[in-house]
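See structure below.
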Amino acid sequence: MKFLMVCLGNICRSPLAEGVLDHKFDGKTGHEVDSAGMIDYHAGNPPDPRSIEVASRHGIDISGQRARRIRTDDFDEFDVILAMDQEVLRDLQAQAGSSGQRQKIHLFMDYAGFPAGGNVPDPYYGNAGHFKDVYRMIDEACARIVRNTGPSP
Ligand code: 4NP
């Protein structure tokens with residue numbers, strides 16, 4: 001299974017989601033994780049230093065990631081496309097080219113089994129506490145996703 005985590009800038013939330021899910025899948029072979037953003041403003045840049053810091057405190061190194069914008073091909077290449085908030089979800093749905101592609105797109109917190117409508121709030125204009133809260137949400141959601149995902153066929 002190939003998972004794509006998507007947020008707005010691909011420097012705060014989705015790099016964390018990529019790093020945490022990849023870390024938790026370790027040992028469950030056959031799963032791949034990547035991330036992308038809706039805008040290309042930060043394309044080519046490493047994750048936000050505050051995301052790198054909070055991940056590193058949990059033993060996860062995301063510093064090698066580089067931001068990129070979502071591509072048309074992503075809707076074919078990935079099996080599961082997870083939006084960090086409702087706005088990203090709507091924009092992804094609008095960009096999908098077919099109903100098959102649209103079916104791959106879910107709200108991240110919904111997909112993890114949390115009550116409907118949960119956004120991972122954008123921490124870009126926030127402080128370290130916001131990044132800590134975002135990390136905790138992503139960590140709990142990724143733990144559920146790993147529990148609910150069997151080995152790759
Ligand atoms: P992200 O956070 O979507 O979690 O990566 C943001 C990063 C940058 C911007 C917005 C959100 N920005 O407007 O540049």
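Naming scheme: A, B, ... for chains in displayed order of the structure tokens; residues 1 onward per chain; ligands 1 onward as shown.
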Please return as a ChimeraX atom specification the residues found within 6 Å of ligand 1, counting only C-alpha atoms and all ligand atoms. /A:7-13,122,124
Excluding region 82-91 of chain A and its own-chain neighbours fewer than 2 positions away, which residues fall within 6 Å of it when counting only C-alpha atoms? Please give them as a ChimeraX atom specification. /A:5-7,93-94,105-108,119-120
I need the residues from that last selection saved to file as a PDB file, in the first residue's frame (with N, CA and C atoms), if you can.
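Here's the written file again.pdb:
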ATOM      1  N   MET A   5       0.521  11.594   2.305  1.00  0.00           N
ATOM      2  CA  MET A   5       0.011  12.529   3.306  1.00  0.00           C
ATOM      3  C   MET A   5       0.070  13.930   2.713  1.00  0.00           C
ATOM      4  N   VAL A   6      -1.035  14.683   2.821  1.00  0.00           N
ATOM      5  CA  VAL A   6      -1.089  15.973   2.135  1.00  0.00           C
ATOM      6  C   VAL A   6      -1.551  17.090   3.079  1.00  0.00           C
ATOM      7  N   CYS A   7      -0.802  18.203   3.077  1.00  0.00           N
ATOM      8  CA  CYS A   7      -1.240  19.413   3.784  1.00  0.00           C
ATOM      9  C   CYS A   7      -1.088  20.588   2.832  1.00  0.00           C
ATOM     10  N   GLN A  93     -10.132  16.708  -3.689  1.00  0.00           N
ATOM     11  CA  GLN A  93     -11.281  16.119  -4.386  1.00  0.00           C
ATOM     12  C   GLN A  93     -11.540  16.841  -5.699  1.00  0.00           C
ATOM     13  N   ALA A  94     -11.333  18.168  -5.684  1.00  0.00           N
ATOM     14  CA  ALA A  94     -11.556  18.957  -6.904  1.00  0.00           C
ATOM     15  C   ALA A  94     -10.489  18.647  -7.957  1.00  0.00           C
ATOM     16  N   ILE A 105      -9.147   9.382  -1.623  1.00  0.00           N
ATOM     17  CA  ILE A 105      -8.903  10.579  -0.810  1.00  0.00           C
ATOM     18  C   ILE A 105      -9.767  10.546   0.450  1.00  0.00           C
ATOM     19  N   HIS A 106      -9.140  10.717   1.598  1.00  0.00           N
ATOM     20  CA  HIS A 106      -9.849  10.715   2.883  1.00  0.00           C
ATOM     21  C   HIS A 106      -9.279  11.807   3.774  1.00  0.00           C
ATOM     22  N   LEU A 107     -10.106  12.224   4.741  1.00  0.00           N
ATOM     23  CA  LEU A 107      -9.587  13.074   5.802  1.00  0.00           C
ATOM     24  C   LEU A 107      -8.746  12.170   6.718  1.00  0.00           C
ATOM     25  N   PHE A 108      -7.527  12.593   6.996  1.00  0.00           N
ATOM     26  CA  PHE A 108      -6.575  11.783   7.781  1.00  0.00           C
ATOM     27  C   PHE A 108      -7.187  11.269   9.089  1.00  0.00           C
ATOM     28  N   ASN A 119      -9.856  18.065  11.979  1.00  0.00           N
ATOM     29  CA  ASN A 119      -8.712  18.600  11.250  1.00  0.00           C
ATOM     30  C   ASN A 119      -7.453  18.482  12.095  1.00  0.00           C
ATOM     31  N   VAL A 120      -6.314  18.309  11.439  1.00  0.00           N
ATOM     32  CA  VAL A 120      -5.039  18.558  12.109  1.00  0.00           C
ATOM     33  C   VAL A 120      -4.762  20.040  11.855  1.00  0.00           C
TER      34      VAL A 120
END
Using only C-alpha atoms, which residues of region 12-60 of chain A come within 12 Å of region 75-79 of chain A, and what is the closest atom pair for each, with the distance in Å to one decimal? Give it as a tab-separated table, sorted by chain and residue number.
residue	atom	partner	partner_atom	distance
A:His31	CA	A:Asp79	CA	10.3
A:Glu32	CA	A:Phe78	CA	9.1
A:Val33	CA	A:Phe78	CA	9.1
A:Asp34	CA	A:Phe78	CA	9.1
A:Ser35	CA	A:Phe78	CA	10.6
A:Ala36	CA	A:Phe78	CA	11.7
Selection from above, all heavy atoms, as a PDB file, in the first residue's frame, can you write it?
ATOM      1  N   HIS A  31       4.726  -1.431   2.674  1.00  0.00           N
ATOM      2  CA  HIS A  31       4.021  -0.152   2.696  1.00  0.00           C
ATOM      3  C   HIS A  31       4.997   0.983   2.434  1.00  0.00           C
ATOM      4  O   HIS A  31       6.117   0.965   2.917  1.00  0.00           O
ATOM      5  CB  HIS A  31       3.328   0.054   4.041  1.00  0.00           C
ATOM      6  CG  HIS A  31       2.308  -0.995   4.345  1.00  0.00           C
ATOM      7  ND1 HIS A  31       1.195  -1.201   3.543  1.00  0.00           N
ATOM      8  CD2 HIS A  31       2.228  -1.916   5.329  1.00  0.00           C
ATOM      9  CE1 HIS A  31       0.482  -2.197   4.044  1.00  0.00           C
ATOM     10  NE2 HIS A  31       1.094  -2.654   5.119  1.00  0.00           N
ATOM     11  N   GLU A  32       4.529   1.954   1.650  1.00  0.00           N
ATOM     12  CA  GLU A  32       5.356   3.122   1.354  1.00  0.00           C
ATOM     13  C   GLU A  32       4.597   4.373   1.752  1.00  0.00           C
ATOM     14  O   GLU A  32       3.368   4.415   1.658  1.00  0.00           O
ATOM     15  CB  GLU A  32       5.669   3.194  -0.140  1.00  0.00           C
ATOM     16  CG  GLU A  32       6.655   2.140  -0.604  1.00  0.00           C
ATOM     17  CD  GLU A  32       6.890   2.213  -2.105  1.00  0.00           C
ATOM     18  OE1 GLU A  32       6.921   3.324  -2.640  1.00  0.00           O
ATOM     19  OE2 GLU A  32       7.021   1.140  -2.714  1.00  0.00           O
ATOM     20  N   VAL A  33       5.339   5.388   2.191  1.00  0.00           N
ATOM     21  CA  VAL A  33       4.726   6.638   2.619  1.00  0.00           C
ATOM     22  C   VAL A  33       5.470   7.810   1.990  1.00  0.00           C
ATOM     23  O   VAL A  33       6.700   7.823   1.946  1.00  0.00           O
ATOM     24  CB  VAL A  33       4.766   6.793   4.164  1.00  0.00           C
ATOM     25  CG1 VAL A  33       3.906   7.970   4.591  1.00  0.00           C
ATOM     26  CG2 VAL A  33       4.310   5.529   4.878  1.00  0.00           C
ATOM     27  N   ASP A  34       4.710   8.778   1.489  1.00  0.00           N
ATOM     28  CA  ASP A  34       5.293  10.003   0.951  1.00  0.00           C
ATOM     29  C   ASP A  34       4.386  11.155   1.387  1.00  0.00           C
ATOM     30  O   ASP A  34       3.334  10.917   1.996  1.00  0.00           O
ATOM     31  CB  ASP A  34       5.370   9.908  -0.585  1.00  0.00           C
ATOM     32  CG  ASP A  34       6.259  10.971  -1.214  1.00  0.00           C
ATOM     33  OD1 ASP A  34       6.919  11.743  -0.471  1.00  0.00           O
ATOM     34  OD2 ASP A  34       6.283  11.060  -2.457  1.00  0.00           O
ATOM     35  N   SER A  35       4.803  12.389   1.107  1.00  0.00           N
ATOM     36  CA  SER A  35       3.941  13.531   1.426  1.00  0.00           C
ATOM     37  C   SER A  35       4.065  14.595   0.348  1.00  0.00           C
ATOM     38  O   SER A  35       5.028  14.609  -0.420  1.00  0.00           O
ATOM     39  CB  SER A  35       4.289  14.110   2.804  1.00  0.00           C
ATOM     40  OG  SER A  35       5.582  14.668   2.808  1.00  0.00           O
ATOM     41  N   ALA A  36       3.071  15.468   0.302  1.00  0.00           N
ATOM     42  CA  ALA A  36       3.047  16.545  -0.686  1.00  0.00           C
ATOM     43  C   ALA A  36       2.202  17.681  -0.136  1.00  0.00           C
ATOM     44  O   ALA A  36       1.497  17.531   0.863  1.00  0.00           O
ATOM     45  CB  ALA A  36       2.458  16.043  -2.018  1.00  0.00           C
TER      46      ALA A  36
END
Which residues are near region 49-60 of chain A? Cut-off 7 Å, only C-alpha atoms, ignore same chain within fewer than 3 positions. Put them as a list of chain:residue names.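 These residues fall inside the cut-off: A:Cys12, A:Leu16, A:Gly19, A:Ser63, A:Ala128, A:Phe131, A:Lys132.
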Please dump the current selection as a PDB file, in the first residue's frame; keep N, CA, C and O atoms.
ATOM      1  N   CYS A  12       5.068  21.498   7.421  1.00  0.00           N
ATOM      2  CA  CYS A  12       4.764  21.336   8.853  1.00  0.00           C
ATOM      3  C   CYS A  12       4.084  19.994   9.162  1.00  0.00           C
ATOM      4  O   CYS A  12       4.679  19.122   9.797  1.00  0.00           O
ATOM      5  N   LEU A  16       5.566  15.525   9.035  1.00  0.00           N
ATOM      6  CA  LEU A  16       5.480  14.794  10.306  1.00  0.00           C
ATOM      7  C   LEU A  16       4.688  13.504  10.111  1.00  0.00           C
ATOM      8  O   LEU A  16       5.080  12.434  10.586  1.00  0.00           O
ATOM      9  N   GLY A  19       6.799  11.003   8.301  1.00  0.00           N
ATOM     10  CA  GLY A  19       7.867  10.448   9.150  1.00  0.00           C
ATOM     11  C   GLY A  19       7.329   9.491  10.199  1.00  0.00           C
ATOM     12  O   GLY A  19       7.884   8.416  10.420  1.00  0.00           O
ATOM     13  N   SER A  63      14.567  15.350   8.642  1.00  0.00           N
ATOM     14  CA  SER A  63      15.309  16.485   8.069  1.00  0.00           C
ATOM     15  C   SER A  63      15.687  16.280   6.605  1.00  0.00           C
ATOM     16  O   SER A  63      15.987  17.237   5.898  1.00  0.00           O
ATOM     17  N   ALA A 128       5.703  26.463  19.584  1.00  0.00           N
ATOM     18  CA  ALA A 128       6.157  25.086  19.798  1.00  0.00           C
ATOM     19  C   ALA A 128       5.051  24.222  20.396  1.00  0.00           C
ATOM     20  O   ALA A 128       4.961  23.021  20.110  1.00  0.00           O
ATOM     21  N   PHE A 131       2.930  22.801  17.719  1.00  0.00           N
ATOM     22  CA  PHE A 131       3.604  21.690  17.034  1.00  0.00           C
ATOM     23  C   PHE A 131       3.559  20.421  17.883  1.00  0.00           C
ATOM     24  O   PHE A 131       3.428  19.311  17.362  1.00  0.00           O
ATOM     25  N   LYS A 132       3.643  20.608  19.194  1.00  0.00           N
ATOM     26  CA  LYS A 132       3.548  19.462  20.098  1.00  0.00           C
ATOM     27  C   LYS A 132       2.162  18.821  20.006  1.00  0.00           C
ATOM     28  O   LYS A 132       2.024  17.590  19.934  1.00  0.00           O
TER      29      LYS A 132
END
